[in-house]
file run26.pdb (PDB, C-alpha atoms)
ATOM      1  CA  MET T   1     121.363 114.922  47.786  1.00  0.00           C
ATOM      2  CA  THR T   2     120.915 112.875  50.980  1.00  0.00           C
ATOM      3  CA  THR T   3     122.903 112.111  54.095  1.00  0.00           C
ATOM      4  CA  GLU T   4     122.531 109.634  56.949  1.00  0.00           C
ATOM      5  CA  SER T   5     121.262 111.079  60.240  1.00  0.00           C
ATOM      6  CA  ALA T   6     123.716 110.398  63.047  1.00  0.00           C
ATOM      7  CA  ALA T   7     120.846 110.443  65.552  1.00  0.00           C
ATOM      8  CA  THR T   8     118.440 108.079  63.797  1.00  0.00           C
ATOM      9  CA  GLY T   9     120.431 106.356  61.053  1.00  0.00           C
ATOM     10  CA  ALA T  10     117.757 107.492  58.597  1.00  0.00           C
ATOM     11  CA  VAL T  11     118.530 108.880  55.171  1.00  0.00           C
ATOM     12  CA  VAL T  12     117.707 112.576  55.333  1.00  0.00           C
ATOM     13  CA  PRO T  13     117.296 114.926  52.368  1.00  0.00           C
ATOM     14  CA  VAL T  14     119.785 117.777  52.362  1.00  0.00           C
ATOM     15  CA  SER T  15     119.187 120.994  50.496  1.00  0.00           C
ATOM     16  CA  THR T  16     122.174 122.839  49.128  1.00  0.00           C
ATOM     17  CA  ASP T  17     120.304 125.971  48.085  1.00  0.00           C
ATOM     18  CA  GLY T  18     117.787 126.531  50.863  1.00  0.00           C
ATOM     19  CA  PRO T  19     116.832 125.481  54.378  1.00  0.00           C
ATOM     20  CA  ALA T  20     117.532 121.907  55.441  1.00  0.00           C
ATOM     21  CA  VAL T  21     114.581 119.546  55.571  1.00  0.00           C
ATOM     22  CA  LEU T  22     114.201 117.800  58.920  1.00  0.00           C
ATOM     23  CA  ASP T  23     113.570 114.079  59.120  1.00  0.00           C
ATOM     24  CA  PRO T  24     109.829 113.685  59.931  1.00  0.00           C
ATOM     25  CA  ARG T  25     110.709 111.165  62.681  1.00  0.00           C
ATOM     26  CA  VAL T  26     112.767 113.802  64.469  1.00  0.00           C
ATOM     27  CA  VAL T  27     109.913 116.317  64.227  1.00  0.00           C
ATOM     28  CA  GLU T  28     107.522 113.647  65.519  1.00  0.00           C
ATOM     29  CA  ALA T  29     109.639 113.192  68.662  1.00  0.00           C
ATOM     30  CA  TYR T  30     109.222 116.886  69.441  1.00  0.00           C
ATOM     31  CA  GLU T  31     105.489 116.850  68.687  1.00  0.00           C
ATOM     32  CA  GLY T  32     105.043 114.633  71.736  1.00  0.00           C
ATOM     33  CA  MET T  33     107.123 116.937  73.934  1.00  0.00           C
ATOM     34  CA  ILE T  34     105.494 120.176  72.771  1.00  0.00           C
ATOM     35  CA  ALA T  35     101.931 118.882  73.044  1.00  0.00           C
ATOM     36  CA  ASP T  36     101.361 120.346  76.525  1.00  0.00           C
ATOM     37  CA  VAL T  37     103.263 123.609  75.944  1.00  0.00           C
ATOM     38  CA  PRO T  38     100.611 126.357  76.102  1.00  0.00           C
ATOM     39  CA  GLU T  39      99.548 128.103  72.907  1.00  0.00           C
ATOM     40  CA  ALA T  40     100.634 131.746  72.697  1.00  0.00           C
ATOM     41  CA  GLY T  41      97.193 132.431  71.257  1.00  0.00           C
ATOM     42  CA  GLY T  42      95.411 135.697  70.835  1.00  0.00           C
ATOM     43  CA  ASP T  43      96.389 138.503  68.559  1.00  0.00           C
ATOM     44  CA  GLY T  44      98.878 140.043  70.962  1.00  0.00           C
ATOM     45  CA  PHE T  45      96.932 143.231  71.725  1.00  0.00           C
ATOM     46  CA  GLU T  46      96.921 142.610  75.476  1.00  0.00           C
ATOM     47  CA  ALA T  47     100.715 142.107  75.588  1.00  0.00           C
ATOM     48  CA  ILE T  48     101.182 145.243  73.473  1.00  0.00           C
ATOM     49  CA  LEU T  49      99.014 147.294  75.842  1.00  0.00           C
ATOM     50  CA  GLU T  50     100.894 145.918  78.883  1.00  0.00           C
ATOM     51  CA  ALA T  51     104.262 146.833  77.331  1.00  0.00           C
ATOM     52  CA  ILE T  52     103.105 150.368  76.552  1.00  0.00           C
ATOM     53  CA  ALA T  53     101.696 150.792  80.071  1.00  0.00           C
ATOM     54  CA  ALA T  54     105.035 149.644  81.525  1.00  0.00           C
ATOM     55  CA  ALA T  55     107.056 152.180  79.493  1.00  0.00           C
ATOM     56  CA  SER T  56     109.062 154.498  81.727  1.00  0.00           C
ATOM     57  CA  SER T  57     110.050 156.902  78.954  1.00  0.00           C
ATOM     58  CA  ALA T  58     108.845 158.088  75.561  1.00  0.00           C
ATOM     59  CA  ALA T  59     111.679 156.095  73.946  1.00  0.00           C
ATOM     60  CA  GLU T  60     110.062 152.855  75.189  1.00  0.00           C
ATOM     61  CA  LEU T  61     106.624 153.514  73.669  1.00  0.00           C
ATOM     62  CA  ASP T  62     107.454 151.567  70.513  1.00  0.00           C
ATOM     63  CA  ALA T  63     109.079 148.641  72.356  1.00  0.00           C
ATOM     64  CA  PRO T  64     106.339 146.118  71.404  1.00  0.00           C
ATOM     65  CA  TRP T  65     107.249 146.574  67.737  1.00  0.00           C
ATOM     66  CA  ARG T  66     111.033 146.444  68.139  1.00  0.00           C
ATOM     67  CA  SER T  67     111.410 142.773  68.914  1.00  0.00           C
ATOM     68  CA  ALA T  68     114.832 141.558  67.871  1.00  0.00           C
ATOM     69  CA  GLY T  69     113.900 138.099  69.072  1.00  0.00           C
ATOM     70  CA  LEU T  70     116.395 136.039  70.973  1.00  0.00           C
ATOM     71  CA  GLU T  71     119.158 137.288  68.658  1.00  0.00           C
ATOM     72  CA  GLY T  72     119.034 140.619  70.478  1.00  0.00           C
ATOM     73  CA  LEU T  73     120.081 138.843  73.683  1.00  0.00           C
ATOM     74  CA  ALA T  74     123.112 136.983  72.339  1.00  0.00           C
ATOM     75  CA  ASN T  75     125.699 136.513  75.119  1.00  0.00           C
ATOM     76  CA  VAL T  76     123.359 137.945  77.793  1.00  0.00           C
ATOM     77  CA  PRO T  77     122.460 135.567  80.664  1.00  0.00           C
ATOM     78  CA  ILE T  78     118.679 135.242  81.001  1.00  0.00           C
ATOM     79  CA  VAL T  79     116.394 133.203  83.227  1.00  0.00           C
ATOM     80  CA  VAL T  80     113.674 131.474  81.211  1.00  0.00           C
ATOM     81  CA  SER T  81     110.471 131.116  83.215  1.00  0.00           C
ATOM     82  CA  GLY T  82     108.144 129.757  80.545  1.00  0.00           C
ATOM     83  CA  ILE T  83     107.427 129.169  76.883  1.00  0.00           C
ATOM     84  CA  ARG T  84     104.392 129.312  74.631  1.00  0.00           C
ATOM     85  CA  LYS T  85     104.103 127.901  71.117  1.00  0.00           C
ATOM     86  CA  MET T  86     102.922 129.394  67.850  1.00  0.00           C
ATOM     87  CA  PRO T  87     102.689 127.702  64.446  1.00  0.00           C
ATOM     88  CA  SER T  88     105.591 128.406  62.107  1.00  0.00           C
ATOM     89  CA  ASP T  89     105.512 128.408  58.345  1.00  0.00           C
ATOM     90  CA  TYR T  90     109.298 128.398  57.952  1.00  0.00           C
ATOM     91  CA  PRO T  91     110.028 125.704  55.342  1.00  0.00           C
ATOM     92  CA  GLY T  92     112.057 122.720  56.485  1.00  0.00           C
ATOM     93  CA  GLY T  93     112.264 123.631  60.177  1.00  0.00           C
ATOM     94  CA  LEU T  94     110.155 122.678  63.150  1.00  0.00           C
ATOM     95  CA  PRO T  95     106.461 123.524  62.709  1.00  0.00           C
ATOM     96  CA  TRP T  96     106.486 125.924  65.696  1.00  0.00           C
ATOM     97  CA  PHE T  97     108.302 128.901  67.034  1.00  0.00           C
ATOM     98  CA  LEU T  98     108.307 129.903  70.688  1.00  0.00           C
ATOM     99  CA  VAL T  99     107.350 132.946  72.675  1.00  0.00           C
ATOM    100  CA  VAL T 100     109.813 132.938  75.570  1.00  0.00           C
ATOM    101  CA  ASP T 101     109.085 134.570  78.935  1.00  0.00           C
ATOM    102  CA  ALA T 102     112.298 135.388  80.752  1.00  0.00           C
ATOM    103  CA  ALA T 103     114.220 137.926  82.810  1.00  0.00           C
ATOM    104  CA  VAL T 104     117.650 139.435  82.262  1.00  0.00           C
ATOM    105  CA  ARG T 105     119.681 137.849  85.047  1.00  0.00           C
ATOM    106  CA  ALA T 106     121.786 140.936  85.840  1.00  0.00           C
ATOM    107  CA  THR T 107     118.876 143.369  86.183  1.00  0.00           C
ATOM    108  CA  GLY T 108     115.755 141.269  86.742  1.00  0.00           C
ATOM    109  CA  GLU T 109     114.078 143.067  83.805  1.00  0.00           C
ATOM    110  CA  ARG T 110     111.208 140.906  82.566  1.00  0.00           C
ATOM    111  CA  ILE T 111     111.263 140.261  78.843  1.00  0.00           C
ATOM    112  CA  THR T 112     109.309 138.363  76.235  1.00  0.00           C
ATOM    113  CA  VAL T 113     111.115 137.339  73.056  1.00  0.00           C
ATOM    114  CA  THR T 114     110.483 134.995  70.169  1.00  0.00           C
ATOM    115  CA  THR T 115     112.675 132.331  68.636  1.00  0.00           C
ATOM    116  CA  GLY T 116     112.347 129.957  65.734  1.00  0.00           C
ATOM    117  CA  SER T 117     115.920 128.713  65.930  1.00  0.00           C
ATOM    118  CA  VAL T 118     115.643 124.944  65.557  1.00  0.00           C
ATOM    119  CA  GLY T 119     118.324 124.262  68.160  1.00  0.00           C
ATOM    120  CA  VAL T 120     116.910 126.716  70.697  1.00  0.00           C
ATOM    121  CA  VAL T 121     113.322 125.543  70.189  1.00  0.00           C
ATOM    122  CA  ALA T 122     114.472 121.944  70.663  1.00  0.00           C
ATOM    123  CA  GLN T 123     116.391 122.827  73.845  1.00  0.00           C
ATOM    124  CA  LEU T 124     113.497 124.781  75.365  1.00  0.00           C
ATOM    125  CA  VAL T 125     110.853 122.200  74.477  1.00  0.00           C
ATOM    126  CA  LYS T 126     112.995 119.481  76.057  1.00  0.00           C
ATOM    127  CA  ALA T 127     113.541 121.689  79.128  1.00  0.00           C
ATOM    128  CA  TRP T 128     109.753 122.115  79.351  1.00  0.00           C
ATOM    129  CA  SER T 129     109.268 118.338  79.189  1.00  0.00           C
ATOM    130  CA  LEU T 130     111.864 117.947  81.980  1.00  0.00           C
ATOM    131  CA  ASP T 131     110.069 120.573  84.113  1.00  0.00           C
ATOM    132  CA  ALA T 132     113.377 122.477  84.184  1.00  0.00           C
ATOM    133  CA  PHE T 133     112.045 126.050  84.389  1.00  0.00           C
ATOM    134  CA  PRO T 134     113.213 128.458  85.642  1.00  0.00           C
ATOM    135  CA  LEU T 135     116.317 127.807  83.560  1.00  0.00           C
ATOM    136  CA  THR T 136     119.313 130.147  83.351  1.00  0.00           C
ATOM    137  CA  VAL T 137     120.818 130.241  79.861  1.00  0.00           C
ATOM    138  CA  VAL T 138     123.095 132.335  77.685  1.00  0.00           C
ATOM    139  CA  PRO T 139     121.906 132.597  74.058  1.00  0.00           C
ATOM    140  CA  ARG T 140     124.873 131.998  71.748  1.00  0.00           C
ATOM    141  CA  MET T 141     125.007 132.845  68.051  1.00  0.00           C
ATOM    142  CA  ALA T 142     127.383 131.292  65.547  1.00  0.00           C
ATOM    143  CA  ALA T 143     130.212 133.539  64.386  1.00  0.00           C
ATOM    144  CA  ARG T 144     129.560 132.640  60.746  1.00  0.00           C
ATOM    145  CA  PRO T 145     126.299 132.297  58.849  1.00  0.00           C
ATOM    146  CA  SER T 146     125.059 129.007  57.468  1.00  0.00           C
ATOM    147  CA  ARG T 147     124.960 128.488  53.695  1.00  0.00           C
ATOM    148  CA  SER T 148     121.457 129.920  53.660  1.00  0.00           C
ATOM    149  CA  GLY T 149     122.600 133.085  55.450  1.00  0.00           C
ATOM    150  CA  TYR T 150     121.253 132.386  58.940  1.00  0.00           C
ATOM    151  CA  TYR T 151     123.324 132.566  62.105  1.00  0.00           C
ATOM    152  CA  PRO T 152     122.504 129.362  64.023  1.00  0.00           C
ATOM    153  CA  MET T 153     121.813 129.764  67.730  1.00  0.00           C
ATOM    154  CA  HIS T 154     121.901 127.537  70.776  1.00  0.00           C
ATOM    155  CA  LEU T 155     121.545 128.028  74.504  1.00  0.00           C
ATOM    156  CA  GLU T 156     124.449 127.591  76.864  1.00  0.00           C
ATOM    157  CA  ILE T 157     122.952 126.209  80.070  1.00  0.00           C
ATOM    158  CA  VAL T 158     124.233 128.009  83.159  1.00  0.00           C
ATOM    159  CA  GLY T 159     124.470 125.822  86.261  1.00  0.00           C
TER     160      GLY T 159
END

call {"tool": "encode", "arguments": {"input": "run26.pdb", "output": "structure tokens"}}
result
Amino acid sequence: MTTESAATGAVVPVSTDGPAVLDPRVVEAYEGMIADVPEAGGDGFEAILEAIAAASSAAELDAPWRSAGLEGLANVPIVVSGIRKMPSDYPGGLPWFLVVDAAVRATGERITVTTGSVGVVAQLVKAWSLDAFPLTVVPRMAARPSRSGYYPMHLEIVG
């Protein structure tokens, strides 16, 4: 099955039993924008050690392994200060996911979360290309899952 892309006019394959396949021309547009986004790199040991050192209670000692990603911050205003990219092997989506450095706006608590949400990755990569950080956003999650069972996300930009 195919459909015409409203953005490009191109015929785009549509999957009815799995993740959608993105038009390669759309992905190519983001490749140019994400080119200068820093790589997350490394194996994460340094960030894990920093998180453990910052723990203020025994309950926080496993925090580096409890990442709920951006989904855990749905409806919570955050201030994004930077992004880093990592390769993604999710079929049909963008070929990267992001490591997002931010702070919870209400408390100032510094956080690092990941997201592979196509809409959120697109918004943050474009914000990077516009030199728009720090950027205050509210992660929003759809009330209903997509056909493939995922809850799409986007960022509400807070002025």

call {"tool": "atom_distance", "arguments": {"input": "run26.pdb", "atom1": "CA of Ala102 in chain T", "atom2": "CA of Ile78 in chain T"}}
result
6.4 Å

call {"tool": "residues_near_point", "arguments": {"input": "run26.pdb", "point": "(122.8, 135.1, 77.9)", "cutoff": "8 Å", "atoms": "all atoms listed in the file", "output": "MDAnalysis selection string"}}
result
chainID T and resid 73:78 137:140 155:156

call {"tool": "closest_residue", "arguments": {"input": "run26.pdb", "among": "T:Glu31, T:Asp131, T:Glu50, T:Glu39", "to": "Val80 in chain T", "atoms": "only C-alpha atoms"}}
result
T:Asp131

call {"tool": "atom_distance", "arguments": {"input": "run26.pdb", "atom1": "CA of Gly108 in chain T", "atom2": "CA of Pro134 in chain T"}}
result
13.1 Å

call {"tool": "atom_distance", "arguments": {"input": "run26.pdb", "atom1": "CA of Thr107 in chain T", "atom2": "CA of Ser81 in chain T"}}
result
15.2 Å

call {"tool": "closest_residue", "arguments": {"input": "run26.pdb", "among": "T:Glu46, T:Met33, T:Val158, T:Val27", "to": "Val118 in chain T", "atoms": "only C-alpha atoms"}}
result
T:Val27

call {"tool": "residues_around", "arguments": {"input": "run26.pdb", "residues": "Pro87 in chain T", "least_positions_apart": "4", "cutoff": "9 Å", "atoms": "all atoms listed in the file", "output": "PyMOL selection string"}}
result
chain T and resi 95-98

call {"tool": "residues_around", "arguments": {"input": "run26.pdb", "residues": "Met86 in chain T", "least_positions_apart": "5", "cutoff": "12 Å", "atoms": "all atoms listed in the file", "output": "ChimeraX atom specification"}}
result
/T:34-35,37-44,94-100,114-116,121

call {"tool": "closest_residue", "arguments": {"input": "run26.pdb", "among": "T:Gln123, T:Ala53, T:Glu28, T:Thr136", "to": "Arg105 in chain T", "atoms": "all atoms listed in the file"}}
result
T:Thr136

call {"tool": "residues_around", "arguments": {"input": "run26.pdb", "residues": "Gly119 in chain T", "least_positions_apart": "6", "cutoff": "8 Å", "atoms": "all atoms listed in the file", "output": "PyMOL selection string"}}
result
chain T and resi 152-154

call {"tool": "residues_around", "arguments": {"input": "run26.pdb", "residues": "Ala63 in chain T", "least_positions_apart": "3", "cutoff": "12 Å", "atoms": "only C-alpha atoms", "output": "number ranges by chain"}}
result
T: 47-60, 66-68, 111-113

call {"tool": "axis_aligned_box", "arguments": {"input": "run26.pdb", "around": "range 69-72 of chain T", "padding_each_side": "3 Å", "output": "JSON"}}
result
{"center_x": 116.5, "center_y": 138.3, "center_z": 69.8, "size_x": 11.3, "size_y": 10.6, "size_z": 8.3}

call {"tool": "closest_residue", "arguments": {"input": "run26.pdb", "among": "T:Ala122, T:Glu109, T:Ala29, T:Trp65", "to": "Ile83 in chain T", "atoms": "only C-alpha atoms"}}
result
T:Ala122

call {"tool": "closest_residue", "arguments": {"input": "run26.pdb", "among": "T:Val120, T:Glu71, T:Leu135, T:Arg110", "to": "Gly93 in chain T", "atoms": "only C-alpha atoms"}}
result
T:Val120
